[in-house]
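Asker: File name model-v1.cif; file contents mmCIF, C-alpha atoms; full text below.
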data_protein
loop_
_atom_site.label_atom_id
_atom_site.label_comp_id
_atom_site.auth_asym_id
_atom_site.auth_seq_id
_atom_site.Cartn_x
_atom_site.Cartn_y
_atom_site.Cartn_z
CA MET A 1 0.00 0.00 0.00
CA LYS A 2 1.29 3.43 -0.90
CA LYS A 3 1.39 5.51 2.26
CA ALA A 4 -0.33 8.86 1.77
CA TYR A 5 -1.05 10.03 5.29
CA ILE A 6 0.21 13.57 4.81
CA HIS A 7 -0.88 14.82 8.24
CA GLY A 8 1.81 12.95 10.15
CA TYR A 9 1.61 10.98 13.36
CA ASP A 10 2.60 13.53 16.00
CA HIS A 11 0.74 14.40 19.20
CA ARG A 12 -1.00 17.39 17.63
CA GLU A 13 -2.45 15.26 14.84
CA ASN A 14 -3.60 12.61 17.31
CA ARG A 15 -5.36 15.30 19.31
CA ARG A 16 -7.02 16.65 16.15
CA LEU A 17 -8.29 13.21 15.19
CA HIS A 18 -9.84 12.66 18.60
CA ASP A 19 -11.40 16.15 18.59
CA GLN A 20 -12.90 15.36 15.20
CA ALA A 21 -14.25 12.01 16.33
CA SER A 22 -15.88 13.31 19.49
CA THR A 23 -17.39 16.30 17.69
CA LEU A 24 -18.83 14.27 14.81
CA ALA A 25 -19.80 11.04 16.59
CA GLU A 26 -23.55 11.65 16.42
CA LEU A 27 -23.52 12.86 12.81
CA LEU A 28 -21.39 10.05 11.42
CA HIS A 29 -21.94 7.04 13.66
CA SER A 30 -25.37 7.20 15.30
CA ASP A 31 -26.93 4.94 12.65
CA THR A 32 -24.15 2.33 12.67
CA ALA A 33 -24.84 -0.53 15.08
CA TYR A 34 -24.18 -4.22 14.58
CA PRO A 35 -26.22 -7.14 16.01
CA PRO A 36 -24.95 -9.11 19.00
CA GLY A 37 -22.39 -11.71 18.05
CA SER A 38 -21.42 -9.97 14.80
CA LEU A 39 -17.81 -10.21 13.69
CA VAL A 40 -16.78 -6.74 12.53
CA LEU A 41 -13.55 -5.64 10.88
CA GLU A 42 -12.48 -2.02 11.26
CA ALA A 43 -9.96 -1.55 8.45
CA GLY A 44 -7.55 1.28 9.12
CA CYS A 45 -8.34 2.19 12.73
CA GLY A 46 -5.54 4.74 13.06
CA VAL A 47 -5.24 5.98 16.63
CA GLY A 48 -8.70 4.66 17.51
CA ALA A 49 -10.51 7.96 17.04
CA GLN A 50 -13.53 6.22 15.47
CA THR A 51 -13.11 2.87 17.23
CA VAL A 52 -14.58 4.08 20.51
CA SER A 53 -17.85 5.17 18.88
CA LEU A 54 -17.97 1.97 16.85
CA ALA A 55 -17.50 -0.22 19.93
CA ARG A 56 -19.94 1.74 22.09
CA ASN A 57 -22.69 1.52 19.48
CA SER A 58 -22.29 -2.28 19.19
CA PRO A 59 -21.33 -3.50 22.66
CA SER A 60 -22.18 -7.13 21.91
CA ALA A 61 -20.34 -7.33 18.60
CA LEU A 62 -16.72 -8.47 18.41
CA ILE A 63 -14.64 -5.87 16.59
CA THR A 64 -11.22 -6.52 15.10
CA SER A 65 -9.41 -3.25 14.40
CA VAL A 66 -6.31 -3.18 12.21
CA ASP A 67 -3.89 -0.52 11.02
CA ILE A 68 -0.63 -0.53 9.09
CA SER A 69 1.07 1.61 11.76
CA ALA A 70 2.19 -0.30 14.85
CA ALA A 71 2.38 2.92 16.85
CA SER A 72 -1.19 3.82 15.90
CA VAL A 73 -2.41 0.38 16.96
CA VAL A 74 -0.82 0.83 20.37
CA GLY A 75 -2.44 4.25 20.71
CA ALA A 76 -5.83 2.92 19.63
CA GLU A 77 -5.63 0.05 22.10
CA GLY A 78 -4.92 2.49 24.91
CA LYS A 79 -7.80 4.74 23.86
CA VAL A 80 -10.28 1.88 23.85
CA LYS A 81 -9.02 0.53 27.17
CA ALA A 82 -9.33 3.99 28.76
CA ALA A 83 -12.96 4.11 27.57
CA GLY A 84 -13.65 0.86 29.43
CA LEU A 85 -14.53 -1.07 26.28
CA THR A 86 -13.74 -4.77 26.03
CA ASN A 87 -15.24 -5.82 22.67
CA VAL A 88 -12.29 -4.77 20.47
CA GLN A 89 -9.13 -6.66 19.59
CA PHE A 90 -6.26 -5.01 17.72
CA GLN A 91 -3.74 -6.19 15.18
CA GLN A 92 -1.14 -4.53 12.99
CA ALA A 93 -1.94 -5.32 9.36
CA ASP A 94 -1.97 -3.89 5.85
CA ILE A 95 -5.51 -3.93 4.46
CA PHE A 96 -4.12 -5.17 1.12
CA HIS A 97 -2.61 -8.21 2.88
CA LEU A 98 -4.90 -9.07 5.77
CA PRO A 99 -4.10 -12.16 7.86
CA PHE A 100 -7.70 -13.40 7.78
CA GLY A 101 -9.40 -16.04 5.71
CA PRO A 102 -12.19 -15.56 3.19
CA ASP A 103 -15.67 -14.71 4.47
CA ALA A 104 -14.28 -14.07 7.94
CA PHE A 105 -16.46 -11.09 8.91
CA ASP A 106 -20.14 -10.21 8.97
CA HIS A 107 -19.47 -6.51 8.52
CA ILE A 108 -16.59 -4.21 7.56
CA PHE A 109 -16.17 -0.59 8.63
CA VAL A 110 -13.81 1.84 6.85
CA CYS A 111 -13.60 5.48 7.95
CA PHE A 112 -11.24 8.15 6.56
CA VAL A 113 -9.02 5.54 4.94
CA LEU A 114 -9.75 5.46 1.20
CA GLU A 115 -8.75 9.12 0.83
CA HIS A 116 -5.16 8.11 1.61
CA LEU A 117 -4.92 5.22 -0.84
CA SER A 118 -3.71 5.32 -4.43
CA ALA A 119 -5.83 2.25 -5.27
CA PRO A 120 -9.15 2.57 -3.39
CA VAL A 121 -11.08 0.17 -5.64
CA GLU A 122 -8.40 -2.47 -5.18
CA ALA A 123 -8.67 -1.97 -1.41
CA LEU A 124 -12.44 -2.41 -1.51
CA ILE A 125 -12.12 -5.56 -3.64
CA THR A 126 -9.56 -6.99 -1.22
CA LEU A 127 -11.79 -6.25 1.75
CA LYS A 128 -14.76 -7.90 0.03
CA LYS A 129 -12.88 -11.20 0.01
CA HIS A 130 -12.99 -11.20 3.81
CA LEU A 131 -16.71 -10.34 3.98
CA LYS A 132 -19.36 -13.04 4.27
CA PRO A 133 -21.98 -13.23 1.50
CA GLY A 134 -24.76 -10.80 2.38
CA GLY A 135 -22.48 -8.89 4.74
CA THR A 136 -22.17 -5.11 4.69
CA ILE A 137 -19.39 -2.62 4.25
CA THR A 138 -19.71 0.90 5.64
CA VAL A 139 -17.42 3.60 4.27
CA ILE A 140 -17.16 7.20 5.48
CA GLU A 141 -15.12 9.91 3.75
CA GLY A 142 -14.96 13.68 3.61
CA ASP A 143 -14.79 15.91 0.54
CA HIS A 144 -12.68 19.05 0.62
CA GLY A 145 -14.45 20.31 -2.48
CA SER A 146 -17.64 20.67 -0.43
CA VAL A 147 -16.30 23.47 1.76
CA PHE A 148 -17.97 26.87 1.78
CA PHE A 149 -17.97 29.59 4.38
CA HIS A 150 -18.70 33.20 5.30
CA PRO A 151 -16.96 35.57 5.07
CA ASP A 152 -15.63 34.09 1.84
CA SER A 153 -11.89 34.26 1.19
CA GLU A 154 -9.80 33.39 -1.83
CA ALA A 155 -6.75 32.96 0.41
CA ALA A 156 -8.64 30.44 2.56
CA HIS A 157 -9.64 28.46 -0.53
CA GLN A 158 -6.00 28.49 -1.67
CA ALA A 159 -4.86 27.17 1.72
CA ILE A 160 -7.40 24.34 1.51
CA LEU A 161 -6.25 23.50 -2.01
CA CYS A 162 -2.71 23.15 -0.66
CA GLN A 163 -3.85 20.24 1.46
CA VAL A 164 -5.77 18.77 -1.49
CA GLU A 165 -2.73 19.02 -3.77
CA LEU A 166 -0.31 17.56 -1.22
CA GLN A 167 -2.62 14.61 -0.73
CA ARG A 168 -2.90 14.15 -4.50
CA ARG A 169 0.89 14.14 -4.85
CA ALA A 170 1.07 11.49 -2.13
CA GLY A 171 -1.34 9.29 -4.06
CA GLY A 172 -4.54 10.12 -2.19
CA ASN A 173 -7.71 12.06 -2.88
CA ALA A 174 -9.09 14.63 -0.44
CA MET A 175 -12.27 14.90 -2.55
CA ILE A 176 -13.08 11.20 -2.56
CA GLY A 177 -16.35 11.49 -0.63
CA ARG A 178 -18.35 12.31 -3.76
CA ALA A 179 -17.03 9.16 -5.46
CA LEU A 180 -18.09 6.54 -2.91
CA TYR A 181 -20.97 5.18 -4.99
CA PRO A 182 -18.91 4.51 -8.15
CA LEU A 183 -16.00 3.18 -6.09
CA LEU A 184 -18.18 0.62 -4.33
CA HIS A 185 -19.96 -0.21 -7.57
CA ASP A 186 -16.67 -0.78 -9.39
CA ALA A 187 -15.53 -3.03 -6.53
CA GLY A 188 -18.58 -5.26 -7.04
CA TYR A 189 -20.77 -4.32 -4.07
CA CYS A 190 -24.54 -4.19 -4.44
CA SER A 191 -27.50 -2.41 -2.79
CA ILE A 192 -25.29 0.65 -2.34
CA HIS A 193 -26.74 3.61 -0.47
CA VAL A 194 -24.88 6.89 0.02
CA SER A 195 -25.98 9.66 2.36
CA PRO A 196 -24.34 13.11 2.59
CA ARG A 197 -23.75 14.36 6.13
CA MET A 198 -23.34 18.14 6.18
CA VAL A 199 -21.68 19.88 9.09
CA TYR A 200 -23.17 23.36 9.31
CA VAL A 201 -21.57 25.66 11.88
CA ASP A 202 -22.59 29.10 13.06
CA ALA A 203 -22.33 31.00 16.35
CA GLY A 204 -25.45 29.25 17.61
CA LYS A 205 -23.45 25.99 17.72
CA PRO A 206 -20.44 26.83 19.90
CA ALA A 207 -19.40 23.20 20.35
CA LEU A 208 -19.05 22.82 16.58
CA VAL A 209 -17.32 26.17 16.24
CA GLU A 210 -14.64 24.99 18.62
CA GLY A 211 -14.61 21.27 17.88
CA PHE A 212 -14.97 21.31 14.10
CA THR A 213 -14.22 24.69 12.52
CA LYS A 214 -11.21 25.40 14.73
CA LYS A 215 -9.86 22.13 16.08
CA THR A 216 -10.71 19.78 13.22
CA PHE A 217 -10.78 21.42 9.80
CA THR A 218 -8.68 24.56 10.25
CA ALA A 219 -6.17 22.67 12.39
CA MET A 220 -5.84 20.08 9.60
CA VAL A 221 -5.15 22.70 6.93
CA GLU A 222 -2.82 24.59 9.24
CA GLY A 223 -0.89 21.36 9.77
CA VAL A 224 0.33 21.29 6.15
CA ARG A 225 1.80 24.81 6.28
CA GLU A 226 5.45 23.78 6.20
CA ALA A 227 4.99 21.11 3.53
CA ALA A 228 2.91 23.38 1.28
CA ILE A 229 5.37 26.26 1.42
CA LYS A 230 8.37 23.98 0.97
CA ALA A 231 6.73 22.39 -2.08
CA GLY A 232 6.08 25.80 -3.59
CA ILE A 233 2.33 25.24 -3.73
CA ALA A 234 1.59 28.51 -1.93
CA GLU A 235 3.35 31.68 -0.94
CA GLN A 236 3.79 31.93 2.82
CA ASP A 237 1.90 35.22 3.16
CA VAL A 238 -1.07 33.86 1.16
CA PHE A 239 -1.18 30.64 3.20
CA GLU A 240 -0.99 32.54 6.50
CA GLN A 241 -3.81 34.85 5.39
CA GLY A 242 -5.86 31.82 4.43
CA ILE A 243 -5.48 30.31 7.90
CA ARG A 244 -6.44 33.62 9.51
CA ASP A 245 -9.51 33.79 7.29
CA LEU A 246 -10.52 30.24 8.18
CA TYR A 247 -10.35 31.14 11.86
CA ARG A 248 -12.33 34.27 10.97
CA THR A 249 -15.28 32.04 10.02
CA ALA A 250 -15.44 30.98 13.67
CA GLU A 251 -16.28 34.53 14.78
CA PRO A 252 -19.86 35.42 15.86
CA ASP A 253 -20.87 36.44 12.34
CA GLY A 254 -19.09 33.55 10.60
CA VAL A 255 -20.46 30.39 9.01
CA PHE A 256 -18.66 27.19 7.98
CA CYS A 257 -19.98 24.17 6.06
CA TYR A 258 -18.44 20.84 5.11
CA THR A 259 -19.95 17.60 3.82
CA PHE A 260 -19.03 14.02 4.68
CA PHE A 261 -20.39 11.06 2.75
CA LYS A 262 -21.42 7.75 4.28
CA ALA A 263 -21.94 4.70 2.07
CA VAL A 264 -23.23 1.22 2.86
CA GLY A 265 -23.01 -1.67 0.41
CA ASN A 266 -23.59 -5.42 0.46
CA LYS A 267 -21.56 -8.35 -0.80
#
Starting from the file, give its structure as structure tokens.
Answerer:
Amino acid sequence: MKKAYIHGYDHRENRRLHDQASTLAELLHSDTAYPPGSLVLEAGCGVGAQTVSLARNSPSALITSVDISAASVVGAEGKVKAAGLTNVQFQQADIFHLPFGPDAFDHIFVCFVLEHLSAPVEALITLKKHLKPGGTITVIEGDHGSVFFHPDSEAAHQAILCQVELQRRAGGNAMIGRALYPLLHDAGYCSIHVSPRMVYVDAGKPALVEGFTKKTFTAMVEGVREAAIKAGIAEQDVFEQGIRDLYRTAEPDGVFCYTFFKAVGNK
């Protein structure tokens, strides 16, 4: 698997991922729950930011969470243990070379993973081999092309495009959310249903202002500052203005919108 996780693995990024997960848990995960006794594979668990919600929503399912990064697996295991959850087991593994047999799982869950892969259809086909006939796959991705805000700012759009371009150069796709239906279709899944999940933030939603506009999205874009400037994608003064303008949308008269896409398909 080509590694395209451009955000890095430092403490700041771990904190951002957990802020994102806690802020968006209801929006993204409230309608995902698996029956008692279900065997569930979480492919690409990262630092466990989504694993806690997944495990809490299905306390009687047995979840196997894997990630290619050994350090992330250790972090995820600690996060789940701290939450008092006991229905998750962890393993380091590459989703293109999973150590499981065919038809091993009733359900598969993939969140914020495909955007980092150069071959997302191949990944979905590989995962399908480990899914029982009639089983489901749930995929969640964002789409950086869905961003709009007030006050509008060309510099802010340019800063966002820096992150999009860096991810493209690394082999990923920060706008993959809109493509979930064709990706799952091309991988051979059936009964595919995709639902957009818009995050709308204004001053009347202070938890989202802090948790999403500031600590999730703007923090993510801000995190590519050094790489974007070094790569010559943006001038430093333009990038810095863009970050200031993104934070400006978190002021009392500001508005910020972003759309995630959630897809469910069957084998």
Asker: Starting from the shown file, work through the PyMOL selection byres ((chain A and resi 52) around 12) and note down what comes out as JSON, numbers by chain.
Answerer: {"A": [18, 21, 22, 25, 29, 42, 45, 46, 47, 48, 49, 50, 51, 53, 54, 55, 56, 57, 58, 59, 63, 65, 76, 77, 78, 79, 80, 81, 82, 83, 84, 85, 86, 87, 88]}
Asker: Create the file for the chosen residues now, containing C-alpha atoms and written as a tab-separated table (two decimals), in the frame of the given file.
Answerer:
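In the end it all went to out34.tsv:
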chain	number	residue	atom	x	y	z
A	18	HIS	CA	-9.84	12.66	18.60
A	21	ALA	CA	-14.25	12.01	16.33
A	22	SER	CA	-15.88	13.31	19.49
A	25	ALA	CA	-19.80	11.04	16.59
A	29	HIS	CA	-21.94	7.04	13.66
A	42	GLU	CA	-12.48	-2.02	11.26
A	45	CYS	CA	-8.34	2.19	12.73
A	46	GLY	CA	-5.54	4.74	13.06
A	47	VAL	CA	-5.24	5.98	16.63
A	48	GLY	CA	-8.70	4.66	17.51
A	49	ALA	CA	-10.51	7.96	17.04
A	50	GLN	CA	-13.53	6.22	15.47
A	51	THR	CA	-13.11	2.87	17.23
A	53	SER	CA	-17.85	5.17	18.88
A	54	LEU	CA	-17.97	1.97	16.85
A	55	ALA	CA	-17.50	-0.22	19.93
A	56	ARG	CA	-19.94	1.74	22.09
A	57	ASN	CA	-22.69	1.52	19.48
A	58	SER	CA	-22.29	-2.28	19.19
A	59	PRO	CA	-21.33	-3.50	22.66
A	63	ILE	CA	-14.64	-5.87	16.59
A	65	SER	CA	-9.41	-3.25	14.40
A	76	ALA	CA	-5.83	2.92	19.63
A	77	GLU	CA	-5.63	0.05	22.10
A	78	GLY	CA	-4.92	2.49	24.91
A	79	LYS	CA	-7.80	4.74	23.86
A	80	VAL	CA	-10.28	1.88	23.85
A	81	LYS	CA	-9.02	0.53	27.17
A	82	ALA	CA	-9.33	3.99	28.76
A	83	ALA	CA	-12.96	4.11	27.57
A	84	GLY	CA	-13.65	0.86	29.43
A	85	LEU	CA	-14.53	-1.07	26.28
A	86	THR	CA	-13.74	-4.77	26.03
A	87	ASN	CA	-15.24	-5.82	22.67
A	88	VAL	CA	-12.29	-4.77	20.47
Asker: I would like the residues chosen by the PyMOL selection byres ((chain A and resi 68) around 10) on the shown file; could you give them as a list in words?
Answerer: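 Taken on the displayed file, the PyMOL selection byres ((chain A and resi 68) around 10) yields the residues Met1, Lys3, Ala43, Gly44, Cys45, Gly46, Val66, Asp67, Ser69, Ala70, Ala71, Ser72, Val73, Gln91, Gln92, Ala93, Asp94, Ile95 and Phe96 of chain A.
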Asker: Could you tell me which residues the PyMOL selection byres ((chain A and resi 253-260) around 8) returns for this structure, as a list of chain:residue names?
Answerer: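 Checking the PyMOL selection byres ((chain A and resi 253-260) around 8) against this file, the residues are A:Ile140, A:Glu141, A:Gly142, A:Asp143, A:His144, A:Ser146, A:Val147, A:Phe148, A:Phe149, A:His150, A:Pro151, A:Gly177, A:Pro196, A:Arg197, A:Met198, A:Val199, A:Tyr200, A:Val201, A:Asp202, A:Ala203, A:Thr213, A:Arg248, A:Thr249, A:Ala250, A:Glu251, A:Pro252, A:Phe261, A:Lys262.
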Asker: So how many Å separate atom CA of Gly172 of chain A and atom CA of Leu117 of chain A, to one decimal?
Answerer: 5.1 Å
Asker: Which one of A:Ser191, A:Thr138, A:Gln163, A:Asn173 sits closest to Phe217 of chain A if you count all atoms listed in the file?
Answerer: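 Closest candidate: A:Gln163.
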Asker: Quick check, in Å to one decimal: how far apart do atom CA of Leu39 of chain A and atom CA of His107 of chain A lie?
Answerer: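 So the answer is 6.6 Å.
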Asker: Provide the atom CA of Ser60 of chain A to atom CA of Asp103 of chain A distance in Å, to one decimal place.
Answerer: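 Separation between atom CA of Ser60 of chain A and atom CA of Asp103 of chain A: 20.1 Å.
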Asker: Write out as a VMD selection string the residues lying within 7 Å of Ala263 of chain A, counting all atoms listed in the file and excluding same-chain residues fewer than 6 positions away.
Answerer: chain A and resid 138 to 140 180 192 to 195
Asker: Please, which residues are within 12 Å of (-1.5, -2.0, -6.1) by the file's coordinates, counting only C-alpha atoms, and could they come as a list in words?
Answerer: Met1, Lys2, Lys3, Ile95, Phe96, His97, Leu117, Ser118, Ala119, Pro120, Val121, Glu122, Ala123, Leu124, Ile125, Thr126 and Gly171 of chain A
Asker: Which residues, written as an MDAnalysis selection string, have at least one atom at most 10 Å from Ile233 of chain A, with only C-alpha atoms counted and residues fewer than 3 positions away on the same chain left out?
Answerer: chainID A and resid 158:159 161:163 165:166 227:230 236 239
